[in-house]
file start04.cif (mmCIF, C-alpha atoms)
data_target
#
loop_
_atom_site.label_atom_id
_atom_site.label_comp_id
_atom_site.auth_asym_id
_atom_site.auth_seq_id
_atom_site.Cartn_x
_atom_site.Cartn_y
_atom_site.Cartn_z
CA MET A 30 -1.87 -0.93 -14.67
CA ALA A 31 0.64 -3.70 -14.33
CA LYS A 32 -0.38 -7.18 -15.37
CA LEU A 33 1.52 -9.79 -13.46
CA SER A 34 2.40 -13.22 -14.67
CA LEU A 35 2.02 -16.21 -12.38
CA SER A 36 5.77 -16.21 -11.90
CA ASP A 37 5.55 -12.55 -10.84
CA LEU A 38 2.86 -13.46 -8.33
CA ARG A 39 4.95 -16.34 -7.01
CA GLU A 40 7.90 -14.00 -6.69
CA ILE A 41 5.77 -11.50 -4.78
CA ARG A 42 4.47 -14.25 -2.56
CA VAL A 43 7.98 -15.44 -1.75
CA ARG A 44 9.03 -11.86 -1.04
CA GLU A 45 6.03 -11.23 1.20
CA GLU A 46 6.70 -14.41 3.10
CA ARG A 47 10.29 -13.30 3.55
CA ASN A 48 9.08 -9.91 4.77
CA LEU A 49 6.70 -11.56 7.17
CA LYS A 50 9.52 -13.56 8.69
CA LYS A 51 11.29 -10.30 9.47
CA ARG A 52 8.35 -9.19 11.59
CA ASP A 53 7.07 -10.46 14.86
CA ILE A 54 4.44 -12.90 13.67
CA HIS A 55 4.79 -15.42 16.46
CA GLY A 56 1.44 -17.06 17.00
CA ARG A 57 -0.18 -15.47 13.96
CA SER A 58 -1.23 -18.26 11.67
CA VAL A 59 -3.55 -16.46 9.26
CA HIS A 60 -2.15 -14.20 6.56
CA VAL A 61 -4.34 -11.85 4.53
CA VAL A 62 -2.82 -10.19 1.45
CA VAL A 63 -4.61 -7.41 -0.42
CA ALA A 64 -3.53 -6.76 -4.02
CA MET A 65 -3.20 -3.01 -4.42
CA GLY A 66 -1.38 -1.31 -7.32
CA THR A 67 -3.05 1.24 -9.57
CA SER A 68 -5.67 -1.11 -10.96
CA GLY A 69 -6.50 -2.44 -7.52
CA ILE A 70 -6.84 1.07 -6.08
CA ASN A 71 -9.04 2.08 -9.02
CA ALA A 72 -11.25 -0.92 -8.29
CA GLY A 73 -11.56 0.08 -4.63
CA ALA A 74 -8.73 -1.88 -2.98
CA LYS A 75 -8.01 0.91 -0.53
CA LEU A 76 -11.55 0.65 0.83
CA THR A 77 -11.22 -3.13 0.88
CA LEU A 78 -7.94 -3.02 2.81
CA ASN A 79 -9.33 -0.58 5.35
CA ALA A 80 -12.55 -2.56 5.78
CA LEU A 81 -10.55 -5.74 6.38
CA ALA A 82 -8.30 -3.97 8.88
CA ASP A 83 -11.21 -2.45 10.77
CA GLU A 84 -13.11 -5.73 10.96
CA VAL A 85 -10.03 -7.63 12.14
CA GLU A 86 -9.58 -4.90 14.75
CA LYS A 87 -13.24 -5.01 15.74
CA LYS A 88 -13.23 -8.79 16.09
CA GLY A 89 -9.89 -8.74 17.90
CA LEU A 90 -8.50 -11.52 15.70
CA GLU A 91 -4.98 -11.65 17.11
CA ASN A 92 -3.89 -14.57 14.93
CA VAL A 93 -4.32 -12.54 11.70
CA ILE A 94 -1.67 -10.47 9.95
CA ILE A 95 -2.50 -8.18 7.01
CA THR A 96 -0.12 -7.20 4.22
CA GLN A 97 -0.40 -5.85 0.69
CA THR A 98 1.06 -6.71 -2.67
CA GLY A 99 1.02 -5.26 -6.19
CA SER A 100 -1.61 -5.42 -8.88
CA ALA A 101 -3.42 -8.70 -9.53
CA ALA A 102 -4.71 -7.75 -13.00
CA PRO A 103 -6.25 -9.29 -15.08
CA ASN A 104 -8.08 -10.92 -12.21
CA PRO A 105 -11.29 -9.31 -10.95
CA GLU A 106 -9.99 -6.74 -8.51
CA PRO A 107 -9.87 -6.00 -5.67
CA VAL A 108 -8.22 -9.37 -5.03
CA VAL A 109 -7.65 -10.72 -1.53
CA GLU A 110 -5.58 -13.80 -0.72
CA VAL A 111 -6.14 -15.64 2.55
CA TYR A 112 -3.71 -18.21 3.91
CA THR A 113 -4.93 -20.38 6.79
CA PRO A 114 -3.49 -23.59 8.22
CA ASN A 115 -6.71 -25.50 7.53
CA GLU A 116 -7.73 -24.30 4.05
CA GLY A 117 -4.34 -23.25 2.70
CA LEU A 118 -4.54 -20.52 0.08
CA VAL A 119 -7.93 -19.15 -0.92
CA VAL A 120 -8.19 -16.27 -3.38
CA TYR A 121 -11.18 -13.95 -3.54
CA GLY A 122 -12.09 -11.57 -6.38
CA SER A 123 -14.22 -8.43 -6.65
CA VAL A 124 -13.86 -7.89 -2.91
CA ASP A 125 -15.81 -4.77 -2.03
CA LYS A 126 -16.24 -3.41 1.48
CA ASP A 127 -19.15 -5.72 2.33
CA THR A 128 -17.32 -8.78 1.04
CA ALA A 129 -14.26 -7.78 3.05
CA VAL A 130 -16.37 -7.81 6.20
CA ARG A 131 -17.79 -11.21 5.21
CA ILE A 132 -14.28 -12.61 4.69
CA VAL A 133 -13.33 -11.62 8.21
CA ASP A 134 -16.57 -12.76 9.81
CA GLU A 135 -17.14 -15.99 7.89
CA HIS A 136 -13.68 -17.17 6.81
CA LEU A 137 -11.19 -15.77 9.31
CA ALA A 138 -13.42 -15.97 12.35
CA GLY A 139 -15.78 -18.74 11.28
CA GLY A 140 -13.54 -20.98 9.18
CA LYS A 141 -15.99 -21.05 6.27
CA VAL A 142 -14.75 -20.23 2.77
CA LEU A 143 -16.93 -17.81 0.75
CA GLU A 144 -17.36 -20.03 -2.31
CA ASP A 145 -19.41 -17.39 -4.16
CA LYS A 146 -16.46 -14.97 -4.17
CA ARG A 147 -13.65 -17.47 -4.65
CA ILE A 148 -11.59 -17.27 -7.85
CA GLU A 149 -8.68 -19.00 -9.52
CA LEU A 150 -5.80 -16.64 -10.27
CA LYS A 151 -5.37 -15.98 -13.98
CA GLU A 152 -2.01 -15.30 -15.54
CA GLY A 153 -1.34 -11.76 -16.79
CA GLU A 154 -0.77 -11.12 -20.47
CA MET B 9 -7.49 13.35 -6.52
CA ASP B 10 -6.21 12.07 -3.18
CA ILE B 11 -2.55 12.94 -3.48
CA LEU B 12 -1.70 10.19 -1.00
CA ASP B 13 -2.77 7.63 -3.61
CA LEU B 14 0.06 8.94 -5.78
CA VAL B 15 2.39 8.88 -2.78
CA ARG B 16 1.50 5.22 -2.33
CA GLU B 17 2.49 4.59 -5.95
CA ALA B 18 5.78 6.41 -5.40
CA VAL B 19 6.55 4.50 -2.21
CA GLU B 20 5.74 1.21 -3.94
CA ASN B 21 8.17 2.20 -6.67
CA SER B 22 10.86 2.90 -4.04
CA VAL B 23 10.26 -0.43 -2.32
CA GLU B 24 10.46 -2.27 -5.63
CA ALA B 25 13.80 -0.52 -6.22
CA GLY B 26 15.10 -2.07 -3.02
CA ALA B 27 14.79 0.96 -0.76
CA SER B 28 14.89 0.39 2.98
CA PHE B 29 14.52 4.02 4.08
CA ILE B 30 12.08 6.35 2.36
CA GLU B 31 11.44 9.99 3.20
CA VAL B 32 8.25 11.58 1.89
CA SER B 33 7.34 15.25 1.96
CA VAL B 34 3.87 16.42 0.94
CA SER B 35 3.15 20.15 0.76
CA MET B 36 -0.42 21.27 0.18
CA ALA B 37 -1.12 24.83 -0.96
CA ASP B 38 -3.55 26.71 -3.20
CA GLY B 39 -5.53 23.58 -4.08
CA GLY B 40 -2.44 21.76 -5.28
CA GLY B 41 0.15 19.45 -3.80
CA SER B 42 3.90 19.04 -4.17
CA VAL B 43 5.58 15.78 -3.27
CA ALA B 44 9.20 14.77 -2.83
CA VAL B 45 10.13 11.14 -2.24
CA SER B 46 13.73 10.32 -1.40
CA ASP B 47 14.96 6.76 -1.03
CA ASP B 48 18.11 4.67 -0.78
CA GLY B 49 17.08 2.25 -3.51
CA VAL B 50 18.79 1.58 -6.82
CA LEU B 51 17.96 3.66 -9.87
CA SER B 52 18.79 1.52 -12.89
CA VAL B 53 16.31 2.32 -15.61
CA ASP B 54 17.25 2.66 -19.25
CA GLY B 55 15.21 5.26 -21.06
CA ASP B 56 12.47 7.49 -19.71
CA PRO B 57 11.50 6.19 -16.24
CA PHE B 58 8.10 7.89 -16.59
CA GLU B 59 7.29 5.94 -19.74
CA ARG B 60 4.60 3.30 -19.19
CA GLY B 61 6.19 -0.11 -18.77
CA CYS B 62 9.74 1.26 -18.47
CA THR B 63 11.21 -0.80 -15.66
CA THR B 64 13.92 -3.21 -14.69
CA LYS B 65 11.53 -5.09 -12.44
CA GLY B 66 9.90 -7.41 -14.95
CA ILE B 67 7.17 -7.60 -17.54
CA GLY B 68 4.06 -5.63 -16.76
CA ARG B 69 5.65 -3.51 -14.04
CA GLY B 70 6.54 0.14 -13.99
CA ASP B 71 3.21 1.90 -14.41
CA GLY B 72 3.38 3.86 -11.15
CA LEU B 73 5.67 6.59 -12.43
CA SER B 74 3.71 6.93 -15.68
CA LEU B 75 0.58 7.48 -13.61
CA ILE B 76 2.42 10.20 -11.66
CA ARG B 77 3.50 11.87 -14.88
CA GLU B 78 -0.07 11.78 -16.13
CA ALA B 79 -1.50 13.17 -12.88
CA SER B 80 1.12 15.88 -12.68
CA SER B 81 0.83 16.83 -16.37
CA GLY B 82 4.54 16.18 -16.74
CA ARG B 83 5.61 18.29 -13.76
CA CYS B 84 7.76 15.53 -12.34
CA SER B 85 11.42 14.60 -12.11
CA LEU B 86 13.57 11.72 -10.97
CA GLU B 87 17.22 12.16 -10.12
CA ARG B 88 20.09 10.81 -8.06
CA TRP B 89 21.35 13.18 -5.41
CA ASN B 90 23.78 12.46 -2.61
CA GLY B 91 23.48 8.73 -3.13
CA ARG B 92 19.70 8.80 -2.97
CA THR B 93 16.98 8.68 -5.59
CA VAL B 94 14.68 11.70 -5.42
CA LEU B 95 11.28 11.80 -7.12
CA ARG B 96 9.46 15.13 -7.23
CA PHE B 97 6.08 15.98 -8.67
CA HIS B 98 3.35 18.58 -8.43
CA VAL B 99 -0.38 18.11 -8.92
CA ASP B 100 -2.54 21.20 -9.44
CA ASP B 101 -5.86 19.71 -8.34
CA ALA B 102 -4.95 17.73 -5.24
CA ARG B 103 -6.43 17.05 -1.84
CA LEU B 104 -5.89 14.89 1.19
CA GLY B 105 -8.55 12.18 1.16
CA GLU B 106 -11.19 12.07 3.87
CA GLY B 107 -10.00 9.93 6.71
CA LEU B 108 -6.27 10.45 6.61
CA SER B 109 -5.56 7.15 8.32
CA SER B 110 -7.30 5.23 5.52
CA SER B 111 -4.91 6.73 2.97
CA LEU B 112 -1.86 6.36 5.19
CA LEU B 113 -2.53 2.74 6.14
CA PRO B 114 -1.52 1.20 2.78
CA ILE B 115 1.56 3.44 2.66
CA PHE B 116 2.80 2.36 6.07
CA LEU B 117 2.15 -1.32 5.36
CA PHE B 118 5.10 -1.37 2.97
CA PRO B 119 8.15 -3.22 4.33
CA ALA B 120 10.45 -0.20 4.65
CA GLU B 121 11.30 2.52 7.12
CA ILE B 122 9.13 5.45 6.09
CA ALA B 123 9.13 9.03 7.37
CA LEU B 124 6.22 11.01 5.93
CA THR B 125 5.64 14.72 6.52
CA ILE B 126 2.53 16.61 5.46
CA ASP B 127 2.66 20.37 5.40
CA MET B 128 -0.46 22.44 5.02
CA ALA B 129 -0.50 26.22 5.25
CA GLY B 130 2.52 26.30 7.51
CA ARG B 131 1.30 23.51 9.82
CA SER B 132 2.83 20.08 9.57
CA MET B 133 2.67 16.55 10.88
CA THR B 134 5.19 13.74 10.59
CA LEU B 135 4.63 10.02 10.92
CA ARG B 136 7.47 7.50 11.06
CA THR B 137 7.51 3.72 10.87
CA GLY B 138 9.81 3.72 13.88
CA GLU B 139 7.34 5.53 16.11
CA LEU B 140 4.59 3.16 14.99
CA ARG B 141 6.76 0.24 15.99
CA ASP B 142 7.64 1.86 19.32
CA ALA B 143 3.95 2.41 20.06
CA ASP B 144 3.02 -1.09 18.84
CA ALA B 145 0.90 0.63 16.19
CA PHE B 146 2.23 -0.97 12.99
CA PRO B 147 -1.18 -1.45 11.36
CA ASP B 148 -1.05 -5.08 10.28
CA ARG B 149 -2.80 -6.72 13.23
CA ALA B 150 -5.64 -6.38 15.69
CA GLY B 151 -4.97 -3.84 18.41
CA ALA B 152 -2.20 -2.14 16.46
CA ILE B 153 -4.70 -1.08 13.76
CA GLY B 154 -6.73 0.84 16.34
CA ARG B 155 -3.62 2.41 17.83
CA PHE B 156 -2.50 3.45 14.34
CA ARG B 157 -5.81 5.16 13.60
CA GLU B 158 -5.75 6.95 16.95
CA MET B 159 -2.17 8.13 16.42
CA VAL B 160 -3.05 9.51 12.97
CA ARG B 161 -6.16 11.22 14.35
CA GLN B 162 -4.04 12.98 16.96
CA LYS B 163 -1.49 14.05 14.37
CA GLU B 164 -4.23 15.30 12.02
CA GLY B 165 -4.92 17.93 14.65
CA GLU B 166 -1.43 19.26 14.06
CA ILE B 167 -2.33 20.28 10.50
CA TYR B 168 -6.05 20.95 10.77
CA GLY B 169 -5.95 22.63 14.18
#
call {"tool": "encode", "arguments": {"input": "start04.cif", "output": "structure tokens"}}
result
Amino acid sequence: MAKLSLSDLREIRVREERNLKKRDIHGRSVHVVVAMGTSGINAGAKLTLNALADEVEKKGLENVIITQTGSAAPNPEPVVEVYTPNEGLVVYGSVDKDTAVRIVDEHLAGGKVLEDKRIELKEGE
Amino acid sequence: MDILDLVREAVENSVEAGASFIEVSVSMADGGGSVAVSDDGVLSVDGDPFERGCTTKGIGRGDGLSLIREASSGRCSLERWNGRTVLRFHVDDARLGEGLSSSLLPIFLFPAEIALTIDMAGRSMTLRTGELRDADAFPDRAGAIGRFREMVRQKEGEIYG
């Protein structure tokens, strides 16, 4: 599937931020972005996205907004980006269903970054 | 294969082409599925749009349509009609994934107005971004996610009985 360069990812980020501004996000300070695309879906990103959504729903985290973006290959997918006012951008790799639940419980609700799943984004070829 | 995964690829392709209104029709019959995706985006591809990597959207993009060609064994087309871009494809071995709302959630998270109709053996359901917004069920936040799932569950009854 598509391999994005860092400039592609920046472009996507800018676009997503623009899209977010079009929506009613008043009071929502935490932004979760799930990288989908073919490679992400093949790695289980659909399960990851749904697990994140259900846990955010279950916890009633009203300050969180969830969006999606394209493939994050060659990074270890599924990739999830979390933007919070305190920690800024944190990127997680190989986010399966259980890790998705941990991200919501520990990072979004608890404010603690999951260092064992954190990655640095690599540039696509 | 969950045919809605391919629909997600098609919708992503429409969004990347600048579409703001996307109509999707999925018809399931005899173990297969036929899909038509119509959008108001720009079609400006040189060469075969179903060729891997053929895109105007930048390096490394443009694999969605090649995946659709592969899944449909070439039974796919892309054309301009009445000012809209229309993608059609047919997959012989297709199904709707278990938990319809899980497959529909990533489709309806795209930033576009989407109207999606699923037809199965003469029964059909339609879901629109507008009605999600009206019901505060756009599934990107707590509360709305639950309302989205409930709305899809109710509509599933319209095709499964």
call {"tool": "resolve_selection", "arguments": {"input": "start04.cif", "expression": "the PyMOL selection byres ((chain B and resi 101-104) around 12)", "output": "PyMOL selection string"}}
result
chain B and resi 9-15+34-43+79-81+97-100+105-112+126-128+164+167-168
call {"tool": "closest_residue", "arguments": {"input": "start04.cif", "among": "A:Ala138, A:Ile132, A:Ile70, A:Leu118", "to": "A:Ser100", "atoms": "all atoms listed in the file"}}
result
A:Ile70
call {"tool": "closest_residue", "arguments": {"input": "start04.cif", "among": "B:Trp89, B:Phe29, B:Phe58, B:Phe116", "to": "chain A", "atoms": "only C-alpha atoms"}}
result
B:Phe116
call {"tool": "atom_distance", "arguments": {"input": "start04.cif", "atom1": "atom CA of B:Ser22", "atom2": "atom CA of B:Asp47"}}
result
6.4 Å
call {"tool": "atom_distance", "arguments": {"input": "start04.cif", "atom1": "atom CA of B:Ala129", "atom2": "atom CA of B:Val32"}}
result
17.4 Å
